[in-house]
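Below is one structure; the comments refer to it alone.
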Amino acid sequence: MRPEREPHAAPVLSVDNLALRFKGAPANIIDGISFDVRPGETLCIVGESGCGKSVTALSLMGLLPRSVAQVMSGRAMFGDRDLLTLSQRTMADLRGNTISMIFQEPMTSLNPSYRIGDQIAEVVLRHRNVTGADARRRARDMLERVRIPAAASRLNDYPHELSGGMRQRVMIAMALANDPAVLIADEPTTALDVTIQAQIIDLIEELQKETGTALIMITHDLGVVAEIADRVCVMYAGHIVEDGPVETIFDDPQHPYTIGLMSSVPSVGPRSGRLATIAGMVPAIDDMPTGCRFTPRCPFAQENCALSPPVLDQHGPSHRAACHYAPLETVFAETGS
């Protein structure tokens with residue numbers, strides 16, 4: 001079971017109307033997104049590649065060069081501090097300490113020239129007033145916690161001596177070494193085979209339950225979402241097009257993009273006909289539609305969809321969708337479309 005938490009506890013991280021534009025781009029790569037995550041809660045951000053999920057995570061971590069990525073509007077309140085306005089020095093003090101991130105590919109995130117024990121210990125030494133021996137013990141404890149066998153001897157291994165699954169466990173150990181208040185996991189199982197993927201997701205979920213850390217999981221895998229999410233944000237072309245409790249999103253999706261994602265998931269057991277797909281591709285930043293950005297791919301699109309962007313409106317308790325025609329089953333049943 002998840003740790004007990006107050007249903008109306010104050011968000012540990014609150015993003016409000018965040019818009020981000022890359023230098024020279026004609027449109028915002030992230031455009032007015034808002035979400036909260038509370039202690040002990042798991043928020044999954046889902047969508048195809050190119051929808052802005054990873055850019056959102058990198059912007060919150062302060063890992064996008066400010067000479068290239070410009071914040072056009074919004075705030076990202078972490079306690080009483082706006083992450084978007086903090087100096088690089090202050091962000092370095094927070095990063096890896098009270099807010100951490102697990103990246104997609106551990107082999108490019110770990111330093112191949114340093115032993116894994118030294119890399120975990122370095123994170124502890126950077127943020128805690130401890131001795132080198134204490135940091136080393138913490139590194140060993142974290143390897144044990146993520147279930148790496150013979151943790152004491154593995155401290156001396158280099159990243160290339162570990163399997164992909166073991167390297168990702170090291171990244172989890174490093175991210176959680178200082179007991180962060182917020183953990184962002186960006187497609188943490190992309191490079192792993194299916195069996196190891198399941199083990200890593202189970203491990204992240206178990207450790208998050210133990211610590212009460214707020215977890216933001218970025219993924220395109222709806223199976224992962226169904227397993228671990230409390231709430232879901234569906235992103236498309238830099239917008240949040242639908243959000244709500246995980247049960248509501250799966251039982252009553254109200255945006256055509258969300259419906260398309262659900263329909264394209266293979267089912268267990270016999271299936272008649274071909275698997276459903278979403279036609280077309282996510283638009284490029286220099287070719288964003290004027291109105292609803294999903295219009296060119298939407299089977300429900302009407303003339304006004306191409307003219308004006310829809311607002312993220314309430315469609316039930318804590319459930320919002322950005323579609324001119326939500327609720328779809330009511331509107332199109334009435335019109336006979």
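As shown in the structure tokens, the chain order sets the letters A, B, ...; within each chain, residues go from 1, and ligands are also counted from 1 in the order they appear.
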- Task: Do a neighbour search on Gly291 in chain A at 7 Å with only C-alpha atoms, toss out local chain neighbours closer than 6 positions, and write the hits as a PyMOL selection string.
- Result: chain A and resi 305-309
Counting only C-alpha atoms, give me one row per residue of range 166-273 of chain A with an atom at most 12 Å from an atom of range 90-95 of chain A, showing the shortest contact pair and its distance in Å to one decimal, sorted by chain then residue number, as a Markdown table.
| residue | atom | partner | partner_atom | distance |
| --- | --- | --- | --- | --- |
| A:Met174 | CA | A:Arg95 | CA | 11.6 |
| A:Ala175 | CA | A:Arg95 | CA | 9.5 |
| A:Leu176 | CA | A:Arg95 | CA | 11.4 |
| A:Ala177 | CA | A:Arg95 | CA | 11.9 |
| A:Asn178 | CA | A:Arg95 | CA | 10.3 |
| A:Asp179 | CA | A:Arg95 | CA | 11.7 |
| A:Pro180 | CA | A:Arg95 | CA | 9.1 |
| A:Ala181 | CA | A:Leu94 | CA | 10.3 |
| A:Val182 | CA | A:Arg95 | CA | 10.1 |
| A:Leu183 | CA | A:Arg95 | CA | 10.3 |
| A:Ile184 | CA | A:Arg95 | CA | 11.0 |
Output N, CA, C and O atoms for every residue in the selection just made, as a PDB file, in the first residue's frame.
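Below is the file that was written, out_20.pdb:
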ATOM      1  N   MET A 174      21.701   6.351  -6.969  1.00  0.00           N
ATOM      2  CA  MET A 174      22.287   7.688  -6.955  1.00  0.00           C
ATOM      3  C   MET A 174      21.212   8.756  -6.781  1.00  0.00           C
ATOM      4  O   MET A 174      21.378   9.717  -6.016  1.00  0.00           O
ATOM      5  N   ALA A 175      20.085   8.588  -7.483  1.00  0.00           N
ATOM      6  CA  ALA A 175      19.012   9.587  -7.416  1.00  0.00           C
ATOM      7  C   ALA A 175      18.378   9.653  -6.034  1.00  0.00           C
ATOM      8  O   ALA A 175      17.925  10.714  -5.605  1.00  0.00           O
ATOM      9  N   LEU A 176      18.338   8.517  -5.322  1.00  0.00           N
ATOM     10  CA  LEU A 176      17.674   8.464  -4.020  1.00  0.00           C
ATOM     11  C   LEU A 176      18.631   8.559  -2.839  1.00  0.00           C
ATOM     12  O   LEU A 176      18.199   8.501  -1.686  1.00  0.00           O
ATOM     13  N   ALA A 177      19.921   8.728  -3.117  1.00  0.00           N
ATOM     14  CA  ALA A 177      20.932   8.695  -2.052  1.00  0.00           C
ATOM     15  C   ALA A 177      20.707   9.759  -0.986  1.00  0.00           C
ATOM     16  O   ALA A 177      21.042   9.555   0.184  1.00  0.00           O
ATOM     17  N   ASN A 178      20.142  10.899  -1.375  1.00  0.00           N
ATOM     18  CA  ASN A 178      19.931  11.992  -0.416  1.00  0.00           C
ATOM     19  C   ASN A 178      18.468  12.184  -0.044  1.00  0.00           C
ATOM     20  O   ASN A 178      18.082  13.251   0.437  1.00  0.00           O
ATOM     21  N   ASP A 179      17.656  11.145  -0.272  1.00  0.00           N
ATOM     22  CA  ASP A 179      16.237  11.179   0.102  1.00  0.00           C
ATOM     23  C   ASP A 179      15.531  12.421  -0.443  1.00  0.00           C
ATOM     24  O   ASP A 179      15.016  13.255   0.313  1.00  0.00           O
ATOM     25  N   PRO A 180      15.454  12.567  -1.776  1.00  0.00           N
ATOM     26  CA  PRO A 180      14.840  13.764  -2.359  1.00  0.00           C
ATOM     27  C   PRO A 180      13.349  13.845  -2.091  1.00  0.00           C
ATOM     28  O   PRO A 180      12.676  12.827  -1.892  1.00  0.00           O
ATOM     29  N   ALA A 181      12.831  15.066  -2.106  1.00  0.00           N
ATOM     30  CA  ALA A 181      11.387  15.268  -1.959  1.00  0.00           C
ATOM     31  C   ALA A 181      10.662  14.968  -3.265  1.00  0.00           C
ATOM     32  O   ALA A 181       9.496  14.559  -3.252  1.00  0.00           O
ATOM     33  N   VAL A 182      11.344  15.194  -4.400  1.00  0.00           N
ATOM     34  CA  VAL A 182      10.769  14.936  -5.727  1.00  0.00           C
ATOM     35  C   VAL A 182      11.752  14.111  -6.545  1.00  0.00           C
ATOM     36  O   VAL A 182      12.943  14.436  -6.598  1.00  0.00           O
ATOM     37  N   LEU A 183      11.255  13.054  -7.158  1.00  0.00           N
ATOM     38  CA  LEU A 183      12.046  12.236  -8.069  1.00  0.00           C
ATOM     39  C   LEU A 183      11.380  12.262  -9.433  1.00  0.00           C
ATOM     40  O   LEU A 183      10.192  11.951  -9.566  1.00  0.00           O
ATOM     41  N   ILE A 184      12.145  12.650 -10.469  1.00  0.00           N
ATOM     42  CA  ILE A 184      11.661  12.631 -11.848  1.00  0.00           C
ATOM     43  C   ILE A 184      12.330  11.457 -12.558  1.00  0.00           C
ATOM     44  O   ILE A 184      13.559  11.354 -12.566  1.00  0.00           O
TER      45      ILE A 184
END
- Write down as a PyMOL selection string the residues of range 72-211 of chain A whose backbone DSSP state falls under helix (DSSP H, G or I). chain A and resi 88-94+106-109+116-127+132-145+151-154+159-161+164-176+194-211
- Message: I need the residues of range 45-271 of chain A that end up classed as strand (DSSP E) by DSSP on the backbone, written out as number ranges by chain.
- Response: A: 45-46, 69-78, 81-82, 99-102, 182-186, 214-219, 231-236, 239-245
- Item | Residue nearest Thr190 in chain A - candidates A:Glu144, A:Glu105, A:Glu210, A:Asp230, atoms counted: only C-alpha atoms | A:Glu105
- Query: For Leu125 in chain A, which residue among A:Gly96, A:Phe300, A:Met101, A:Pro106 is the nearest when counting only C-alpha atoms?
  - Reply: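 Selected residue with least distance to Leu125 in chain A: A:Gly96.
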- Query: What lies within 6 Å of Gly40 in chain A using only C-alpha atoms, ignoring chain neighbours under 3 positions off, as a ChimeraX atom specification?
  - Reply: /A:212-214
